[in-house]
Every structure is written in C-alpha cells, then in structure tokens.
$ cat start-v7.cif   # mmCIF, C-alpha atoms
data_upload
loop_
_atom_site.group_PDB
_atom_site.id
_atom_site.type_symbol
_atom_site.label_atom_id
_atom_site.label_comp_id
_atom_site.auth_asym_id
_atom_site.auth_seq_id
_atom_site.Cartn_x
_atom_site.Cartn_y
_atom_site.Cartn_z
ATOM 1 C CA MET R 17 93.456 30.031 15.711
ATOM 2 C CA ASN R 18 96.723 28.325 16.269
ATOM 3 C CA ARG R 19 97.647 25.626 13.820
ATOM 4 C CA PRO R 20 99.708 22.676 15.050
ATOM 5 C CA ASP R 21 103.322 22.547 14.038
ATOM 6 C CA PRO R 22 103.680 20.168 11.052
ATOM 7 C CA ASN R 23 106.919 18.783 12.524
ATOM 8 C CA SER R 24 105.480 17.888 15.937
ATOM 9 C CA ALA R 25 105.399 14.323 17.306
ATOM 10 C CA ASP R 26 101.594 14.262 17.099
ATOM 11 C CA GLN R 27 101.688 14.757 13.359
ATOM 12 C CA SER R 28 104.105 11.841 12.872
ATOM 13 C CA ALA R 29 101.789 9.622 14.905
ATOM 14 C CA ASN R 30 98.892 10.649 12.649
ATOM 15 C CA LYS R 31 100.950 9.785 9.563
ATOM 16 C CA ASP R 32 101.682 6.337 11.004
ATOM 17 C CA ASP R 33 97.969 5.840 11.708
ATOM 18 C CA ASP R 34 97.134 6.911 8.182
ATOM 19 C CA ALA R 35 99.649 4.435 6.743
ATOM 20 C CA VAL R 36 98.205 1.615 8.840
ATOM 21 C CA TRP R 37 94.678 2.570 7.805
ATOM 22 C CA LEU R 38 95.571 2.674 4.109
ATOM 23 C CA ASP R 39 97.291 -0.717 4.406
ATOM 24 C CA LEU R 40 94.189 -2.187 6.060
ATOM 25 C CA VAL R 41 91.889 -0.777 3.378
ATOM 26 C CA ALA R 42 94.138 -2.134 0.620
ATOM 27 C CA ARG R 43 94.141 -5.620 2.161
ATOM 28 C CA LEU R 44 90.365 -5.598 2.561
ATOM 29 C CA GLU R 45 89.843 -4.491 -1.033
ATOM 30 C CA ALA R 46 92.079 -7.344 -2.204
ATOM 31 C CA THR R 47 89.856 -10.004 -0.595
ATOM 32 C CA PRO R 48 86.588 -10.939 -2.338
ATOM 33 C CA SER R 49 83.560 -9.511 -0.594
ATOM 34 C CA PRO R 50 80.810 -11.864 0.629
ATOM 35 C CA SER R 51 78.276 -10.244 -1.697
ATOM 36 C CA THR R 52 80.369 -11.133 -4.765
ATOM 37 C CA GLU R 53 80.860 -14.701 -3.556
ATOM 38 C CA HIS R 54 77.104 -15.281 -3.339
ATOM 39 C CA SER R 55 76.364 -13.648 -6.688
ATOM 40 C CA ASP R 56 78.075 -16.482 -8.588
ATOM 41 C CA PRO R 57 76.012 -18.229 -11.249
ATOM 42 C CA PRO R 58 74.126 -21.266 -9.982
ATOM 43 C CA ARG R 59 76.310 -24.327 -9.521
ATOM 44 C CA GLU R 60 75.761 -27.463 -11.448
ATOM 45 C CA GLU R 61 75.170 -30.769 -9.712
ATOM 46 C CA PRO R 62 78.291 -31.828 -7.734
ATOM 47 C CA GLU R 63 80.289 -34.678 -9.098
ATOM 48 C CA PRO R 64 79.901 -38.008 -7.301
ATOM 49 C CA VAL R 65 82.816 -39.194 -5.188
ATOM 50 C CA ASP R 66 83.348 -42.288 -3.018
ATOM 51 C CA GLY R 67 80.538 -44.631 -3.943
ATOM 52 C CA GLY R 68 78.394 -42.198 -5.936
ATOM 53 C CA ARG R 69 77.699 -39.821 -3.038
ATOM 54 C CA PRO R 70 77.934 -36.148 -4.069
ATOM 55 C CA GLN R 71 80.426 -33.938 -2.290
ATOM 56 C CA ARG R 72 79.093 -30.591 -1.067
ATOM 57 C CA GLY R 73 80.889 -27.253 -1.285
ATOM 58 C CA THR R 74 84.593 -27.297 -0.619
ATOM 59 C CA GLY R 75 84.429 -30.540 1.329
ATOM 60 C CA LYS R 76 85.383 -28.858 4.601
ATOM 61 C CA ALA R 77 83.392 -29.598 7.724
ATOM 62 C CA PHE R 78 82.580 -27.175 10.517
ATOM 63 C CA LYS R 79 85.314 -28.716 12.641
ATOM 64 C CA ASP R 80 87.798 -27.539 9.993
ATOM 65 C CA PHE R 81 86.834 -23.902 10.557
ATOM 66 C CA ASP R 82 89.837 -22.194 12.141
ATOM 67 C CA PRO R 83 89.693 -18.389 11.764
ATOM 68 C CA LEU R 84 92.632 -17.820 14.124
ATOM 69 C CA GLY R 85 94.894 -20.338 12.405
ATOM 70 C CA LEU R 86 95.602 -22.242 15.605
ATOM 71 C CA THR R 87 95.805 -25.686 14.029
ATOM 72 C CA THR R 88 98.811 -26.661 11.998
ATOM 73 C CA PRO R 89 98.557 -28.826 8.897
ATOM 74 C CA ALA R 90 100.280 -31.682 10.746
ATOM 75 C CA THR R 91 97.700 -31.668 13.565
ATOM 76 C CA GLU R 92 94.596 -31.085 11.456
ATOM 77 C CA PRO R 93 92.093 -33.899 11.794
ATOM 78 C CA SER R 94 91.489 -35.849 8.654
ATOM 79 C CA THR R 95 88.091 -35.355 7.121
ATOM 80 C CA ASP R 96 86.508 -38.695 6.440
ATOM 81 C CA ALA R 97 83.846 -37.953 3.847
ATOM 82 C CA SER R 98 82.250 -41.352 4.309
ATOM 83 C CA ALA R 99 81.650 -40.909 8.061
ATOM 84 C CA VAL R 100 78.415 -38.871 7.852
ATOM 85 C CA PRO R 101 76.353 -38.326 4.714
ATOM 86 C CA ASP R 102 75.852 -34.697 3.720
ATOM 87 C CA THR R 103 72.349 -34.998 2.291
ATOM 88 C CA VAL R 104 69.220 -36.982 2.990
ATOM 89 C CA GLU R 105 68.640 -39.810 0.541
ATOM 90 C CA GLY R 106 66.261 -38.612 -2.148
ATOM 91 C CA ALA R 107 65.423 -35.299 -0.474
ATOM 92 C CA GLY R 108 68.482 -33.360 -1.651
ATOM 93 C CA ARG R 109 68.561 -31.214 1.485
ATOM 94 C CA PRO R 110 71.297 -31.017 4.144
ATOM 95 C CA LEU R 111 71.038 -33.269 7.176
ATOM 96 C CA GLY R 112 69.992 -31.834 10.506
ATOM 97 C CA PRO R 113 69.817 -33.133 14.067
ATOM 98 C CA ARG R 114 66.301 -34.535 13.561
ATOM 99 C CA ASP R 115 67.488 -36.787 10.746
ATOM 100 C CA PHE R 116 69.381 -39.066 13.139
ATOM 101 C CA GLU R 117 68.072 -41.695 15.530
ATOM 102 C CA VAL R 118 68.623 -41.371 19.271
ATOM 103 C CA GLU R 119 70.572 -44.216 20.826
ATOM 104 C CA ASP R 120 68.602 -45.980 23.548
ATOM 105 C CA LEU R 121 70.998 -46.816 26.340
ATOM 106 C CA ASP R 122 69.621 -49.570 28.550
ATOM 107 C CA ASP R 123 72.293 -49.162 31.200
ATOM 108 C CA ALA R 124 71.804 -45.396 31.593
ATOM 109 C CA PHE R 125 72.326 -43.877 35.033
ATOM 110 C CA VAL R 126 69.180 -43.688 37.129
ATOM 111 C CA PRO R 127 69.578 -41.808 40.416
ATOM 112 C CA GLU R 128 68.162 -43.325 43.570
ATOM 113 C CA GLU R 129 65.041 -41.838 45.107
ATOM 114 C CA PRO R 130 65.798 -39.135 47.676
ATOM 115 C CA PRO R 131 64.670 -39.876 51.219
ATOM 116 C CA SER R 132 61.296 -38.549 52.284
ATOM 117 C CA LEU R 133 61.195 -35.329 54.292
ATOM 118 C CA ALA R 134 58.541 -36.866 56.545
ATOM 119 C CA GLY R 135 61.183 -39.058 58.212
ATOM 120 C CA THR R 136 63.559 -36.138 58.933
ATOM 121 C CA GLU R 137 64.374 -35.230 62.527
ATOM 122 C CA PRO R 138 62.228 -32.230 63.567
ATOM 123 C CA LEU R 139 65.216 -30.301 64.966
ATOM 124 C CA ILE R 140 67.145 -30.591 61.691
ATOM 125 C CA MET R 141 64.078 -29.502 59.719
ATOM 126 C CA LEU R 142 63.630 -26.505 62.060
ATOM 127 C CA ALA R 143 67.320 -25.608 61.631
ATOM 128 C CA TRP R 144 66.979 -25.674 57.843
ATOM 129 C CA VAL R 145 63.880 -23.481 58.036
ATOM 130 C CA GLY R 146 65.803 -21.004 60.204
ATOM 131 C CA ALA R 147 68.898 -21.047 57.972
ATOM 132 C CA VAL R 148 66.964 -20.514 54.754
ATOM 133 C CA GLY R 149 64.045 -18.548 56.135
ATOM 134 C CA GLY R 150 66.128 -16.083 58.179
ATOM 135 C CA PRO R 151 67.545 -14.091 55.246
ATOM 136 C CA ILE R 152 64.186 -14.272 53.441
ATOM 137 C CA ALA R 153 62.413 -12.961 56.546
ATOM 138 C CA LEU R 154 64.943 -10.109 56.828
ATOM 139 C CA LEU R 155 64.372 -9.218 53.173
ATOM 140 C CA PHE R 156 60.580 -9.158 53.580
ATOM 141 C CA THR R 157 60.913 -7.182 56.817
ATOM 142 C CA ALA R 158 63.033 -4.566 55.048
ATOM 143 C CA MET R 159 60.565 -4.365 52.154
ATOM 144 C CA PHE R 160 57.177 -4.494 53.888
ATOM 145 C CA TRP R 161 57.617 -3.824 57.632
ATOM 146 C CA ARG R 162 59.992 -0.876 57.713
ATOM 147 C CA SER R 163 59.029 0.125 61.250
ATOM 148 C CA ALA R 164 59.854 -3.309 62.699
ATOM 149 C CA PRO R 165 61.219 -3.140 66.250
ATOM 150 C CA LEU R 166 64.895 -3.857 66.739
ATOM 151 C CA THR R 167 64.105 -6.906 68.880
ATOM 152 C CA ALA R 168 62.226 -8.562 65.960
ATOM 153 C CA VAL R 169 65.147 -7.981 63.571
ATOM 154 C CA MET R 170 67.671 -9.208 66.160
ATOM 155 C CA GLY R 171 65.488 -12.274 66.816
ATOM 156 C CA ILE R 172 65.511 -13.163 63.096
ATOM 157 C CA VAL R 173 69.296 -12.724 62.933
ATOM 158 C CA ALA R 174 69.771 -14.824 66.097
ATOM 159 C CA ALA R 175 67.524 -17.601 64.736
ATOM 160 C CA PHE R 176 69.559 -17.643 61.523
ATOM 161 C CA VAL R 177 72.918 -17.801 63.334
ATOM 162 C CA VAL R 178 71.767 -20.535 65.731
ATOM 163 C CA SER R 179 70.347 -22.584 62.842
ATOM 164 C CA VAL R 180 73.540 -22.379 60.791
ATOM 165 C CA VAL R 181 75.743 -23.227 63.788
ATOM 166 C CA TYR R 182 73.553 -26.239 64.620
ATOM 167 C CA LEU R 183 73.711 -27.525 61.030
ATOM 168 C CA ILE R 184 77.495 -27.120 60.968
ATOM 169 C CA MET R 185 77.874 -28.952 64.276
ATOM 170 C CA ARG R 186 75.802 -31.861 62.888
ATOM 171 C CA LEU R 187 78.274 -32.458 60.045
ATOM 172 C CA PRO R 188 80.364 -35.643 60.330
ATOM 173 C CA GLN R 189 83.638 -35.069 62.202
ATOM 174 C CA GLU R 190 85.700 -37.900 60.681
ATOM 175 C CA LYS R 191 86.408 -38.633 57.055
ATOM 176 C CA ASN R 192 85.815 -42.078 55.624
ATOM 177 C CA GLU R 193 89.005 -43.043 53.763
ATOM 178 C CA ASP R 194 87.134 -45.531 51.539
ATOM 179 C CA ASP R 195 84.812 -42.816 50.240
ATOM 180 C CA ASP R 196 85.728 -41.478 46.804
ATOM 181 C CA GLY R 197 83.604 -38.348 47.196
ATOM 182 C CA ALA R 198 81.003 -39.360 44.650
ATOM 183 C CA ARG R 199 78.193 -39.294 47.223
ATOM 184 C CA ILE R 200 77.128 -36.552 49.536
#
$ encode --input "start-v7.cif" --output "structure tokens"
Amino acid sequence: MNRPDPNSADQSANKDDDAVWLDLVARLEATPSPSTEHSDPPREEPEPVDGGRPQRGTGKAFKDFDPLGLTTPATEPSTDASAVPDTVEGAGRPLGPRDFEVEDLDDAFVPEEPPSLAGTEPLIMLAWVGAVGGPIALLFTAMFWRSAPLTAVMGIVAAFVVSVVYLIMRLPQEKNEDDDGARI
C-alpha cells in the first residue's frame, strides 16, 4: 500500500483539526460537568431577603437565560425579586401556572354572529359548491372512478372554472376609503 506523504497539504489540515479538537476537549474538561453540579451536598434553607421571603437558587429568572450572550449588561432587564413570589406560601414548592388567578375581563372582544347560510343567494351558494367541490370531485374521481369518461372530467373542471370566475366577478369593484381593513 502507498502511504501518504507526511509533508502533504492534507496532513497539515489534519494537524490543524487535531489542534482544534484538543483545544475543544481541554475547554470542556475545564468546565464543571452537570453530574458534578447535581452531586453537591444538600443545601440548607435559603436566607431570607426583602421582607423575609427566601431567595431561590442564584436569583436569576428564566428571562435572564442568554446562552448566546446577545444581551449586554447595560441592556439587561433588572430582576425585581418582589414582583412574583418564588414559592407558594406554606407549601414550600415552586409556583406554577395553576397557582395564579385568571383575570376576568368584562370588556373582552365578542365577535358578532355570522349570517345564516339559509339567507344566502342560491347562485352564490352553487358557485361556492362548485369552487370547493370541483377539486374534491376530481380527487375522488382519480381515486375511485379511474375509467371516468373524458367528458365527465372536463365537466368537473368547467364547473370549477365557471364557479371561481363568478365568485371573482361578484367581488366589490370600488374600495371604500373609510374602511380600515379590519372587516371582511
């Protein structure tokens, strides 16, 4: 077998890769592993701060988590420890979403009732059936009636095209300048 030349460019690239790999391994060995962090002896009770409320962990909230380092110390939000309690009174467990009350908003948005389909013009209803039912009919024809005559397939396509054109022609031609676009 032929051995590669030790002075070739490929060998120098491998040496660079090895140096990068060794540097990465050295940096990872320097950081404490998660298994050693959790094997610490049990913590004593946290000391009370701000009105006798205990402070949990390092005092950092989830919003302070920044693995990419995108926030700068000047733009970091201040953590107000008195804003939300960390534990339930007397239970000693962390708070969850079920520990809070839901705000009842009296002026909440309630949409208006849609108009009944019984009062719709029959031609518009037929056009919608053709526009939506045409592709569905073609799909079922392709799946279940493979020997369908060409006139049946062309009739379904024609019904679809006529229905879509009719619905487009029924759209309003002028734009109301007072309309902000919030309603359809």
$ atom_distance --input "start-v7.cif" --atom1 "atom CA of Tyr182 of chain R" --atom2 "atom CA of Ala134 of chain R"
20.1 Å
$ closest_residue --input "start-v7.cif" --among "R:Ala175, R:Ala124, R:Leu166, R:Val118" --to "Gly150 of chain R" --atoms "all atoms listed in the file"
R:Ala175
$ resolve_selection --input "start-v7.cif" --expression "the PyMOL selection byres ((chain R and resi 176-179) around 7)" --output "list in words"
Ala143, Trp144, Gly146, Ala147, Gly150, Ile172, Val173, Ala174, Ala175, Val180, Val181, Tyr182 and Leu183 of chain R
$ write_last_selection --input "start-v7.cif" --atoms "C-alpha atoms" --output "tab-separated table (two decimals), in the frame of the given file"
chain	number	residue	atom	x	y	z
R	143	ALA	CA	67.32	-25.61	61.63
R	144	TRP	CA	66.98	-25.67	57.84
R	146	GLY	CA	65.80	-21.00	60.20
R	147	ALA	CA	68.90	-21.05	57.97
R	150	GLY	CA	66.13	-16.08	58.18
R	172	ILE	CA	65.51	-13.16	63.10
R	173	VAL	CA	69.30	-12.72	62.93
R	174	ALA	CA	69.77	-14.82	66.10
R	175	ALA	CA	67.52	-17.60	64.74
R	180	VAL	CA	73.54	-22.38	60.79
R	181	VAL	CA	75.74	-23.23	63.79
R	182	TYR	CA	73.55	-26.24	64.62
R	183	LEU	CA	73.71	-27.52	61.03
$ atom_distance --input "start-v7.cif" --atom1 "atom CA of Asn30 of chain R" --atom2 "atom CA of Ala46 of chain R"
24.3 Å
$ atom_distance --input "start-v7.cif" --atom1 "atom CA of Thr157 of chain R" --atom2 "atom CA of Val169 of chain R"
8.0 Å
$ closest_residue --input "start-v7.cif" --among "R:Trp37, R:Ile140, R:Pro130, R:Pro113" --to "Met185 of chain R" --atoms "only C-alpha atoms"
R:Ile140
$ build_atoms --input "start-v7.cif" --residues "segment 177-188 of chain R" --atoms "all heavy atoms" --output "PDB file, keeping the file's coordinate frame"
ATOM      1  N   VAL R 177      71.582 -17.413  62.864  1.00  0.00           N
ATOM      2  CA  VAL R 177      72.918 -17.801  63.334  1.00  0.00           C
ATOM      3  C   VAL R 177      72.862 -19.130  64.087  1.00  0.00           C
ATOM      4  O   VAL R 177      73.686 -20.021  63.864  1.00  0.00           O
ATOM      5  CB  VAL R 177      73.532 -16.678  64.200  1.00  0.00           C
ATOM      6  CG1 VAL R 177      74.789 -17.143  64.904  1.00  0.00           C
ATOM      7  CG2 VAL R 177      73.817 -15.457  63.355  1.00  0.00           C
ATOM      8  N   VAL R 178      71.891 -19.295  64.970  1.00  0.00           N
ATOM      9  CA  VAL R 178      71.767 -20.535  65.731  1.00  0.00           C
ATOM     10  C   VAL R 178      71.496 -21.708  64.791  1.00  0.00           C
ATOM     11  O   VAL R 178      72.070 -22.793  64.953  1.00  0.00           O
ATOM     12  CB  VAL R 178      70.660 -20.395  66.808  1.00  0.00           C
ATOM     13  CG1 VAL R 178      70.304 -21.735  67.409  1.00  0.00           C
ATOM     14  CG2 VAL R 178      71.105 -19.423  67.888  1.00  0.00           C
ATOM     15  N   SER R 179      70.660 -21.511  63.786  1.00  0.00           N
ATOM     16  CA  SER R 179      70.347 -22.584  62.842  1.00  0.00           C
ATOM     17  C   SER R 179      71.574 -23.004  62.057  1.00  0.00           C
ATOM     18  O   SER R 179      71.844 -24.208  61.888  1.00  0.00           O
ATOM     19  CB  SER R 179      69.254 -22.135  61.875  1.00  0.00           C
ATOM     20  OG  SER R 179      68.083 -21.825  62.570  1.00  0.00           O
ATOM     21  N   VAL R 180      72.346 -22.061  61.576  1.00  0.00           N
ATOM     22  CA  VAL R 180      73.540 -22.379  60.791  1.00  0.00           C
ATOM     23  C   VAL R 180      74.577 -23.078  61.661  1.00  0.00           C
ATOM     24  O   VAL R 180      75.197 -24.072  61.243  1.00  0.00           O
ATOM     25  CB  VAL R 180      74.110 -21.101  60.131  1.00  0.00           C
ATOM     26  CG1 VAL R 180      75.480 -21.359  59.537  1.00  0.00           C
ATOM     27  CG2 VAL R 180      73.163 -20.592  59.067  1.00  0.00           C
ATOM     28  N   VAL R 181      74.769 -22.597  62.888  1.00  0.00           N
ATOM     29  CA  VAL R 181      75.743 -23.227  63.788  1.00  0.00           C
ATOM     30  C   VAL R 181      75.314 -24.659  64.094  1.00  0.00           C
ATOM     31  O   VAL R 181      76.139 -25.576  64.107  1.00  0.00           O
ATOM     32  CB  VAL R 181      75.911 -22.380  65.076  1.00  0.00           C
ATOM     33  CG1 VAL R 181      76.654 -23.155  66.147  1.00  0.00           C
ATOM     34  CG2 VAL R 181      76.625 -21.090  64.751  1.00  0.00           C
ATOM     35  N   TYR R 182      74.033 -24.885  64.331  1.00  0.00           N
ATOM     36  CA  TYR R 182      73.553 -26.239  64.620  1.00  0.00           C
ATOM     37  C   TYR R 182      73.785 -27.169  63.431  1.00  0.00           C
ATOM     38  O   TYR R 182      74.228 -28.308  63.597  1.00  0.00           O
ATOM     39  CB  TYR R 182      72.061 -26.210  64.987  1.00  0.00           C
ATOM     40  CG  TYR R 182      71.498 -27.576  65.266  1.00  0.00           C
ATOM     41  CD1 TYR R 182      71.787 -28.225  66.452  1.00  0.00           C
ATOM     42  CD2 TYR R 182      70.710 -28.225  64.323  1.00  0.00           C
ATOM     43  CE1 TYR R 182      71.283 -29.502  66.709  1.00  0.00           C
ATOM     44  CE2 TYR R 182      70.209 -29.494  64.568  1.00  0.00           C
ATOM     45  CZ  TYR R 182      70.505 -30.124  65.771  1.00  0.00           C
ATOM     46  OH  TYR R 182      70.019 -31.379  65.998  1.00  0.00           O
ATOM     47  N   LEU R 183      73.500 -26.684  62.213  1.00  0.00           N
ATOM     48  CA  LEU R 183      73.711 -27.525  61.030  1.00  0.00           C
ATOM     49  C   LEU R 183      75.188 -27.830  60.818  1.00  0.00           C
ATOM     50  O   LEU R 183      75.547 -28.941  60.408  1.00  0.00           O
ATOM     51  CB  LEU R 183      73.117 -26.858  59.794  1.00  0.00           C
ATOM     52  CG  LEU R 183      71.590 -26.831  59.732  1.00  0.00           C
ATOM     53  CD1 LEU R 183      71.128 -25.985  58.561  1.00  0.00           C
ATOM     54  CD2 LEU R 183      71.034 -28.240  59.635  1.00  0.00           C
ATOM     55  N   ILE R 184      76.055 -26.881  61.106  1.00  0.00           N
ATOM     56  CA  ILE R 184      77.495 -27.120  60.968  1.00  0.00           C
ATOM     57  C   ILE R 184      77.974 -28.122  62.012  1.00  0.00           C
ATOM     58  O   ILE R 184      78.794 -28.994  61.717  1.00  0.00           O
ATOM     59  CB  ILE R 184      78.277 -25.793  61.061  1.00  0.00           C
ATOM     60  CG1 ILE R 184      77.996 -24.954  59.804  1.00  0.00           C
ATOM     61  CG2 ILE R 184      79.770 -26.034  61.225  1.00  0.00           C
ATOM     62  CD1 ILE R 184      78.593 -23.575  59.830  1.00  0.00           C
ATOM     63  N   MET R 185      77.461 -28.029  63.216  1.00  0.00           N
ATOM     64  CA  MET R 185      77.874 -28.952  64.276  1.00  0.00           C
ATOM     65  C   MET R 185      77.390 -30.378  63.992  1.00  0.00           C
ATOM     66  O   MET R 185      77.987 -31.327  64.484  1.00  0.00           O
ATOM     67  CB  MET R 185      77.360 -28.490  65.637  1.00  0.00           C
ATOM     68  CG  MET R 185      77.929 -27.151  66.074  1.00  0.00           C
ATOM     69  SD  MET R 185      79.721 -27.114  66.127  1.00  0.00           S
ATOM     70  CE  MET R 185      80.028 -28.199  67.477  1.00  0.00           C
ATOM     71  N   ARG R 186      76.331 -30.534  63.221  1.00  0.00           N
ATOM     72  CA  ARG R 186      75.802 -31.861  62.888  1.00  0.00           C
ATOM     73  C   ARG R 186      76.579 -32.553  61.773  1.00  0.00           C
ATOM     74  O   ARG R 186      76.351 -33.725  61.496  1.00  0.00           O
ATOM     75  CB  ARG R 186      74.332 -31.759  62.463  1.00  0.00           C
ATOM     76  CG  ARG R 186      73.382 -31.386  63.555  1.00  0.00           C
ATOM     77  CD  ARG R 186      73.137 -32.553  64.435  1.00  0.00           C
ATOM     78  NE  ARG R 186      72.703 -33.701  63.618  1.00  0.00           N
ATOM     79  CZ  ARG R 186      71.907 -34.654  64.020  1.00  0.00           C
ATOM     80  NH1 ARG R 186      71.443 -34.617  65.228  1.00  0.00           N
ATOM     81  NH2 ARG R 186      71.577 -35.644  63.225  1.00  0.00           N
ATOM     82  N   LEU R 187      77.484 -31.846  61.114  1.00  0.00           N
ATOM     83  CA  LEU R 187      78.274 -32.458  60.045  1.00  0.00           C
ATOM     84  C   LEU R 187      79.167 -33.557  60.608  1.00  0.00           C
ATOM     85  O   LEU R 187      79.590 -33.480  61.773  1.00  0.00           O
ATOM     86  CB  LEU R 187      79.137 -31.400  59.347  1.00  0.00           C
ATOM     87  CG  LEU R 187      78.399 -30.410  58.451  1.00  0.00           C
ATOM     88  CD1 LEU R 187      79.371 -29.349  57.963  1.00  0.00           C
ATOM     89  CD2 LEU R 187      77.769 -31.118  57.284  1.00  0.00           C
ATOM     90  N   PRO R 188      79.485 -34.577  59.828  1.00  0.00           N
ATOM     91  CA  PRO R 188      80.364 -35.643  60.330  1.00  0.00           C
ATOM     92  C   PRO R 188      81.751 -35.089  60.649  1.00  0.00           C
ATOM     93  O   PRO R 188      82.293 -34.255  59.909  1.00  0.00           O
ATOM     94  CB  PRO R 188      80.422 -36.653  59.189  1.00  0.00           C
ATOM     95  CG  PRO R 188      79.653 -36.093  58.063  1.00  0.00           C
ATOM     96  CD  PRO R 188      79.016 -34.833  58.492  1.00  0.00           C
TER      97      PRO R 188
END
